[in-house]
Amino acid sequence: MTSASFKNKRKFLIRLAKALHKFGTPAHRLEAHLNNLAAAMELEGSFLVAPTALTFVLWPKGERGNQEYHYTVRVKPGELDLGSLARTDLLVDELINGERDLADALARLEDITSRPPPYPHWLNLIAFGVSGGAFAMLMGTSWDDVVVAFGISLLVYGLIYAAQFSKRLADALEPLSAMLAAFIAVGISQLDFHLNASLVVLASIIAFIPGLALTVGLAELSVRELTSGTARVMDALMLMFKLYFGAVLGMALAYVCWGEVSYQASAPLPWWTSWTAVLMLSASLVIMFKARLRDGVWGILSGIIAYGVSIMAAEVFGVALGTFFGALAVGVYGNIYARWLKSPAIVVTLQGMVILVPGSKIYIGINAVVSGQQIVPSDQIGSQAFLILMSLVAGFIFSNLLVNPKRSL
């Protein structure tokens, strides 16, 4: 291989890796994808992917001693952008199939990474509010909680928008959002005794709860991606603590200002609202995860499958194993989607994962340990959350045994 050819190929491979990392690809999937692509480009290499660093060693196939190239770069943790991820995966397929040359592929990759957000801020605002209201509805407490959670979620998104223009605000975004949500929720509870303020706070900041990050981190650890998995799990736990502290501080300040009130439970929501909540939450995630609209329907179906299979299996096997069967069904569904439509399975499985992940249960467990109070009635919620996490990871592992996705992403 000539020096110029090697330079162009490694340039594309490195830019691709940075783009896929930016779009939120898990470490184990990204490393496998880079190895497969390197082999297709007649390169060999060693790849180490972490949430904040990329390290590569590349050389032409069979010529390690002649042209070995080392590359290390510090990067920011990626944020989910399922639309860009799907477009980048299609670009790689076109390159491998000979439909594009390297120069054209590099230009197309630059176009994908420089695209503006696919949805306007007003639509993200609505999606954020819907996610908070839908979570409150999924918990089945009261219509008061649903309406207030929706409204406070809109205010929290206002902080997210403002944080784009202030680094100091961005650094304190999560605890500040939780504090604002708690302060407002307790204030409204002075006028509405049927408002479960603690649940409303959780619903209002549900988009920040790192249940998905915890699950991805444990999945990475399960395949011995120790560096990335450990870093992701610890980052998720620290985020959980910041959110909880912000909520505690906000409620304490509100109690000083307005005093405490006794919560009076109201009649629970009817059974059908849970299914409506799943549909609404899955639809809002299409916007929040920046998925393409043509993939959105498949993603919403993933959320419905996850919820339906998990609650049916829970009737027989219990909540934890019910989650295992829900994750198994979503994993099989995603792998069939990947084989059929030639697109990454993660594009549709994430909505199902979000429905199943026990991030909110971990938050509720922390609250029960620290305050001795339960946001919603539940026994042994800490151990239950741990078992659900393990069942979720196991479900996706077994789904790959049942159906081979034939794709690395």
# chains A, B, ... in the order shown; residues from 1 in each chain; ligands from 1
call {"tool": "residues_around", "arguments": {"residues": "range 267-284 of chain A", "least_positions_apart": "2", "cutoff": "6 Å", "atoms": "only C-alpha atoms", "output": "ChimeraX atom specification"}}
result
/A:127,131,134,137-138,140-142,286-287,300,303,351
call {"tool": "atom_distance", "arguments": {"atom1": "CA of Phe23 in chain A", "atom2": "CA of Ile112 in chain A"}}
result
10.6 Å
call {"tool": "closest_residue", "arguments": {"among": "A:Pro344, A:Pro51, A:Gly217, A:Gly45", "to": "Arg64 in chain A", "atoms": "only C-alpha atoms"}}
result
A:Gly45
call {"tool": "residues_around", "arguments": {"residues": "Leu54 in chain A", "least_positions_apart": "3", "cutoff": "8 Å", "atoms": "only C-alpha atoms", "output": "list in words"}}
result
Lys18, Phe47, Leu48, Val49, Ala50, Tyr71, Thr72, Val73, Arg74 and Val75 of chain A
call {"tool": "write_last_selection", "arguments": {"atoms": "N, CA and C atoms", "output": "short mmCIF file (atom, residue, chain, number, x, y, z; two decimals), in the first residue's frame"}}
result
data_model
loop_
_atom_site.label_atom_id
_atom_site.label_comp_id
_atom_site.auth_asym_id
_atom_site.auth_seq_id
_atom_site.Cartn_x
_atom_site.Cartn_y
_atom_site.Cartn_z
N LYS A 18 -14.45 9.60 15.26
CA LYS A 18 -14.82 10.79 16.02
C LYS A 18 -16.29 11.15 15.83
N PHE A 47 -7.79 -0.40 18.63
CA PHE A 47 -8.64 0.75 18.96
C PHE A 47 -9.03 0.70 20.44
N LEU A 48 -8.90 1.83 21.10
CA LEU A 48 -9.33 1.96 22.50
C LEU A 48 -10.25 3.18 22.59
N VAL A 49 -11.51 2.91 22.88
CA VAL A 49 -12.52 3.97 22.94
C VAL A 49 -12.97 4.16 24.38
N ALA A 50 -12.94 5.39 24.85
CA ALA A 50 -13.43 5.76 26.17
C ALA A 50 -14.35 6.96 26.02
N TYR A 71 -2.47 7.53 17.03
CA TYR A 71 -3.33 8.71 17.12
C TYR A 71 -4.09 8.68 18.44
N THR A 72 -4.03 9.78 19.19
CA THR A 72 -4.76 9.92 20.45
C THR A 72 -5.39 11.31 20.48
N VAL A 73 -6.65 11.38 20.89
CA VAL A 73 -7.33 12.67 20.95
C VAL A 73 -8.27 12.69 22.15
N ARG A 74 -8.35 13.85 22.78
CA ARG A 74 -9.28 14.08 23.89
C ARG A 74 -10.60 14.54 23.30
N VAL A 75 -11.70 13.90 23.67
CA VAL A 75 -13.02 14.23 23.13
C VAL A 75 -14.01 14.43 24.26
#
call {"tool": "residues_around", "arguments": {"residues": "Val348 in chain A", "least_positions_apart": "6", "cutoff": "7 Å", "atoms": "only C-alpha atoms", "output": "list in words"}}
result
Trp298, Gly299, Ser302 and Gly334 of chain A
call {"tool": "write_last_selection", "arguments": {"atoms": "N, CA and C atoms", "output": "PDB file, in the first residue's frame"}}
result
ATOM      1  N   TRP A 298     -40.704   2.933  13.836  1.00  0.00           N
ATOM      2  CA  TRP A 298     -40.099   1.686  14.323  1.00  0.00           C
ATOM      3  C   TRP A 298     -39.636   1.840  15.766  1.00  0.00           C
ATOM      4  N   GLY A 299     -39.139   3.026  16.131  1.00  0.00           N
ATOM      5  CA  GLY A 299     -38.712   3.262  17.503  1.00  0.00           C
ATOM      6  C   GLY A 299     -39.883   3.276  18.470  1.00  0.00           C
ATOM      7  N   SER A 302     -40.902  -0.135  19.175  1.00  0.00           N
ATOM      8  CA  SER A 302     -39.977  -0.751  20.113  1.00  0.00           C
ATOM      9  C   SER A 302     -40.398  -0.485  21.556  1.00  0.00           C
ATOM     10  N   GLY A 334     -34.920  -5.379  17.279  1.00  0.00           N
ATOM     11  CA  GLY A 334     -33.895  -4.497  16.732  1.00  0.00           C
ATOM     12  C   GLY A 334     -32.968  -5.212  15.768  1.00  0.00           C
TER      13      GLY A 334
END
call {"tool": "closest_residue", "arguments": {"among": "A:Phe135, A:Met353, A:Pro405, A:Val200", "to": "Ala327 in chain A", "atoms": "only C-alpha atoms"}}
result
A:Met353
call {"tool": "closest_residue", "arguments": {"among": "A:Phe183, A:Trp258, A:Phe6, A:Trp122", "to": "Trp59 in chain A", "atoms": "only C-alpha atoms"}}
result
A:Phe6
call {"tool": "select_by_dssp", "arguments": {"residues": "range 19-91 of chain A", "states": "strand (DSSP E or B)", "output": "PyMOL selection string"}}
result
chain A and resi 43-50+53-60+69-74
call {"tool": "residues_around", "arguments": {"residues": "Leu16 in chain A", "least_positions_apart": "3", "cutoff": "9 Å", "atoms": "only C-alpha atoms", "output": "number ranges by chain"}}
result
A: 11-13, 19-21, 34, 88, 92, 106, 109
call {"tool": "write_last_selection", "arguments": {"atoms": "N, CA, C and O atoms", "output": "tab-separated table (two decimals), in the first residue's frame"}}
result
chain	number	residue	atom	x	y	z
A	11	LYS	N	-7.13	8.70	7.53
A	11	LYS	CA	-7.83	9.97	7.74
A	11	LYS	C	-9.34	9.76	7.82
A	11	LYS	O	-10.02	10.28	8.71
A	12	PHE	N	-9.87	8.96	6.89
A	12	PHE	CA	-11.31	8.68	6.91
A	12	PHE	C	-11.69	7.89	8.15
A	12	PHE	O	-12.70	8.20	8.81
A	13	LEU	N	-10.89	6.90	8.50
A	13	LEU	CA	-11.21	6.04	9.64
A	13	LEU	C	-11.23	6.85	10.94
A	13	LEU	O	-12.13	6.66	11.78
A	19	ALA	N	-16.78	10.96	14.60
A	19	ALA	CA	-18.19	11.26	14.33
A	19	ALA	C	-19.11	10.28	15.06
A	19	ALA	O	-20.08	10.70	15.71
A	20	LEU	N	-18.82	8.99	14.97
A	20	LEU	CA	-19.67	7.99	15.63
A	20	LEU	C	-19.63	8.15	17.14
A	20	LEU	O	-20.64	7.93	17.82
A	21	HIS	N	-18.48	8.50	17.68
A	21	HIS	CA	-18.39	8.76	19.13
A	21	HIS	C	-19.25	9.96	19.49
A	21	HIS	O	-19.97	9.95	20.50
A	34	LEU	N	-15.10	-0.29	13.87
A	34	LEU	CA	-13.83	0.18	13.32
A	34	LEU	C	-12.95	-0.98	12.88
A	34	LEU	O	-12.27	-0.89	11.85
A	88	THR	N	-24.52	8.01	8.86
A	88	THR	CA	-23.11	7.63	8.81
A	88	THR	C	-22.95	6.15	8.51
A	88	THR	O	-22.06	5.75	7.75
A	92	VAL	N	-20.94	4.40	5.27
A	92	VAL	CA	-19.92	3.34	5.32
A	92	VAL	C	-20.29	2.20	4.39
A	92	VAL	O	-19.43	1.65	3.68
A	106	LEU	N	-15.43	11.29	2.49
A	106	LEU	CA	-14.98	12.30	3.45
A	106	LEU	C	-15.86	13.55	3.37
A	106	LEU	O	-16.22	14.14	4.40
A	109	LEU	N	-19.20	12.75	4.96
A	109	LEU	CA	-19.07	12.68	6.42
A	109	LEU	C	-19.01	14.07	7.03
A	109	LEU	O	-19.62	14.33	8.08
call {"tool": "residues_around", "arguments": {"residues": "Tyr157 in chain A", "least_positions_apart": "2", "cutoff": "12 Å", "atoms": "only C-alpha atoms", "output": "count of residues only"}}
result
37
call {"tool": "residues_around", "arguments": {"residues": "Ala40 in chain A", "least_positions_apart": "4", "cutoff": "9 Å", "atoms": "only C-alpha atoms", "output": "list of chain:residue names"}}
result
A:Asn35, A:Asn36, A:Ile96
call {"tool": "closest_residue", "arguments": {"among": "A:Gly133, A:Phe289, A:Pro26, A:Ser399", "to": "Thr215 in chain A", "atoms": "only C-alpha atoms"}}
result
A:Pro26
call {"tool": "atom_distance", "arguments": {"atom1": "CA of Val147 in chain A", "atom2": "CA of Ala182 in chain A"}}
result
15.1 Å
call {"tool": "select_by_dssp", "arguments": {"residues": "range 134-378 of chain A", "states": "alpha helix (DSSP H)", "output": "PyMOL selection string"}}
result
chain A and resi 134-138+143-163+167-171+173-189+197-204+211-222+226-258+272-288+293-317+319-341+346-356+359-371
